[in-house]
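Trainee: Handing you a structure now.
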Amino acid sequence: MLTIEKIVNRDITIGVVGLGYVGLPTALRFFESGFRVFGIDTNSRVVSQINEGVNPIGDMEYNDKIPPPIDNNWNITSSFSDSVGFCDVVIVTVPTPVSPEKHLDETNVFEAGKSVFQNITAGNGTIVVLESTVYPGFTKKIWSPLVKNIGLKIGKDVHLAYCPERFNPGDKESTISNTTRIVGSMTEEVGGLLVELYSSISEAEVIHVGSMEVAESSKLIENVQRDINIALVNELSMILPSLGIDIEDVMEAASTKWNFHRYYPGIGVGGHCIPVDPYFLIDQATEKNSSVQLISTARMINDQMPTHVADLIIEILDFHNIVVADSSILLLGWSYKPNIGDIRGSPSSDLARVLLDGGISISTWDPHVPKHDFPDFVNIIAGEDQIEDFDMVVVATAHDTFQKIDWQVISSKMRNKIIFDGRRCLDLEKLNNQGWSIYALGKPNI
Ligand SMILES: NC(=O)c1ccc[n+]([C@@H]2O[C@H](COP(=O)([O-])OP(=O)(O)OC[C@H]3O[C@@H](n4cnc5c(N)ncnc54)[C@H](O)[C@@H]3O)[C@@H](O)[C@H]2O)c1
């Protein structure tokens with residue numbers, strides 16, 4: 001039976017199911033903190049890469065941090081039967097995507113739960129924590145019947161809990177060890193044990209917020225709020241230039257007020273969370289006949305950004321008398337957020353497709369994305385020295401690398417010296433002084 005004393009003495013074993021952007025850092029953090037860890041993933045490539053010391057995810061932070069497989073405290077496997085039985089706590093961090101119809105695809109959580117519960121022995125009292133993002137009530141609804149069908153008893157053989165993952169992969173400021181956590185559980189006792197457990201891998205506060213439903217809802221609305229705030233700034237990036245005003249001047253001015261939160265406009269919202277999670281709540285609300293106008297509109301605004309940016313780019317080419325169908329554009333950045341190689345739902349891909357439909361040749365450079373992750377429809381360049389003969393450079397992702405580019409040198413190699421900052425991350429004045437024609441999202445352009 002798990003106790004506070006055992007956690008403090010590191011006398012317990014933690015299982016982490018799903019070794020992706022969330023699961024791998026989680027497993028590593030427990031290992032570094034002195035726990036015995038089993039990492040379980042159904043993808044054999046992920047398992048063999050980790051066992052060879054190779055980082056399988058696009059977050060370079062972990063490139064040199066994978067321990068050798070000889071360590072007894074570090075066990076990576078695709079076998080649930082060789083691992084779950086040893087674990088006191090099993091943390092599940094599998095993907096929760098939406099279907100093409102925008103409904104939560106429950107398969108991964110269902111399958112992972114089934115494989116875990118089938119390998120728990122009656123009487124063990126294993127705590128199984130879901131960290132994947134889901135809608136309120138989901139954990140209990142999906143997992144309770146599985147536990148019961150196997151003949152185990154919730155509260156005795158198995159305890160269920162929910163702890164949303166909040167850290168931000170690729171972001172050195174908001175890491176797994178310094179981000180405040182919340183935990184929801186079916187009993188106070190399990191909540192207390194999980195507060196102690198997660199506190200041992202984090203300097204930040206860990207709070208038991210009560211039920212799993214409160215914790216599930218909290219995670220969802222954190223992402224919904226972000227989607228809405230981004231949609232607002234994206235909408236402003238369309239309105240303000242038409243009034244002759246640069247959104248960045250306005251955001252700078254408004255940020256001087258104590259309760260104003262600054263956001264940046266962008267070519268679109270990508271990733272596995274923000275463009276996905278709001279649909280979970282939209283679905284739940286629709287089922288209960290509640291209104292979800294604001295949340296749905298925000299999704300629509302953010303989804304249309306790649307098309308809006310493509311229209312701006314074509315307008316700029318026309319303005320410079322460049323034949324659109326003969327033009328060649330370089331997209332800087334293919335991943336969906338800065339300094340990470342995660343391409344899931346990346347708006348660069350949507351933007352490229354719209355531009356390709358206009359007959360424009362599209363190339364891209366992203367130092368964080370492995371070559372095999374790019375689609376066939378774009379040309380890939382491998383570095384700054386290959387930026388030549390383009391009509392326009394478009395900053396699609398605000399990677400730090402792009403801030404360090406010597407734009408003066410590049411300008412002499414361009415067919416046309418046009419730059420479009422789709423993330424408002426460049427020093428436009430400096431570029432202008434270097435002879436570039438500068439354009440940016442939210443700036444009166446033509
Ligand atoms: N990536 C983020 O920035 C982030 C942040 C907070 C929360 N989340 C949430 O965390 C969850 C995981 O996201 P991620 O980005 O780590 O996903 P990911 O795709 O990077 O990794 C998931 C891993 O789970 C494995 N997997 C899938 N089904 C499995 C199963 N049945 N058993 C064992 N392994 C299985 C996959 O092979 C993959 O390696 C999602 O619900 C996501 O919304 C993600």
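Each chain in the structure tokens gets a letter, A, B, ..., in the order shown, and its residues are numbered from 1; ligands are numbered from 1 in order too.
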Would you list the residues that come within 7 Å of ligand 1? Count only C-alpha atoms and all ligand atoms and give the answer as an NGL selection string.
Mentor: :A and (17-23 or 40-43 or 46 or 57 or 93-96 or 108-109 or 111-112 or 131-134 or 164-169 or 272-273)
Trainee: According to DSSP computed on the backbone, where in segment 297-372 of chain A is there strand (DSSP E)? Give the residues as JSON, numbers by chain.
Mentor: {"A": [328, 329, 330, 331, 332, 361, 362, 363, 364, 365]}
Trainee: Mind checking which residues fall within 8 Å of Gly58 of chain A, counting only C-alpha atoms, ignoring those fewer than 4 positions away in the same chain, and posting them as a ChimeraX atom specification?
Mentor: /A:21,340-342,368-370
Trainee: My list of candidates is A:Leu160, A:Ile362, A:Leu428, A:Leu330. Which is closest to Met392 of chain A when distances are computed with only C-alpha atoms?
Mentor: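 So, comparing all the options, the nearest one is A:Leu330.
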Trainee: Determine the nearest neighbour of Asn75 of chain A from the options A:Thr187, A:Asn51, A:Thr307, A:Asn223, counting only C-alpha atoms.
Mentor: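 When distances to Asn75 of chain A are compared using only C-alpha atoms, the smallest one comes from A:Asn51.
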Trainee: Given the choices A:Asn119, A:Ile154, A:Asp59, A:Arg226, which gets closest to Lys337 of chain A if the distance is worked out from only C-alpha atoms?
Mentor: A:Asp59
Trainee: Of the candidates A:Phe319, A:Tyr263, A:Phe30, A:Phe280, which one gets nearest to Ile176 of chain A if we count only C-alpha atoms?
Mentor: A:Phe30
Trainee: Restricting the calculation to only C-alpha atoms, which member of A:Lys413, A:Arg423, A:Lys219, A:Lys102 is positioned closest to Tyr279 of chain A?
Mentor: A:Lys102
Trainee: Excluding segment 201-206 of chain A and its own-chain neighbours fewer than 2 positions away, which residues fall within 8 Å of it when counting only C-alpha atoms? Please give them as a CSV table (one decimal) with C-alpha atoms, in the first residue's frame.
Mentor:
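result-v9.csv was written with the following content:
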chain,number,residue,atom,x,y,z
A,29,ARG,CA,11.7,13.7,-14.0
A,30,PHE,CA,10.6,10.8,-11.7
A,33,SER,CA,14.1,12.4,-8.5
A,176,ILE,CA,7.8,20.1,-15.5
A,177,SER,CA,9.6,21.0,-12.3
A,178,ASN,CA,8.4,24.5,-11.8
A,179,THR,CA,4.8,24.6,-12.9
A,180,THR,CA,2.0,24.6,-10.3
A,181,ARG,CA,-0.1,21.4,-10.5
A,182,ILE,CA,-3.6,20.5,-9.6
A,183,VAL,CA,-4.8,17.0,-8.7
A,195,VAL,CA,0.2,16.0,-3.7
A,197,LEU,CA,4.2,12.4,-5.0
A,198,TYR,CA,4.1,15.3,-7.5
A,199,SER,CA,5.7,17.6,-4.9
A,208,HIS,CA,-5.6,18.9,-4.4
Trainee: Restricting the calculation to only C-alpha atoms, which member of A:Ala215, A:Val378, A:Ile221, A:Leu441 is positioned closest to Leu312 of chain A?
Mentor: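 Residue with the minimum atom-to-atom distance to Leu312 of chain A: A:Leu441.
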Trainee: Distance atom CA of Ile267 of chain A-atom CA of Ala285 of chain A, one decimal place?
Mentor: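 Computed distance, atom CA of Ile267 of chain A to atom CA of Ala285 of chain A, equals 28.5 Å.
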Trainee: What is the atom CA of Gly210 of chain A to atom CA of Val190 of chain A distance in Å?
Mentor: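 Atom-to-atom, atom CA of Gly210 of chain A to atom CA of Val190 of chain A, that is 10.4 Å.
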Trainee: Determine which residues of segment 81-281 of chain A receive a DSSP assignment of alpha helix (DSSP H), computed from the backbone, and state them as number ranges by chain.
Mentor: A: 107-117, 138-150, 188-199, 212-242, 247-254, 277-281
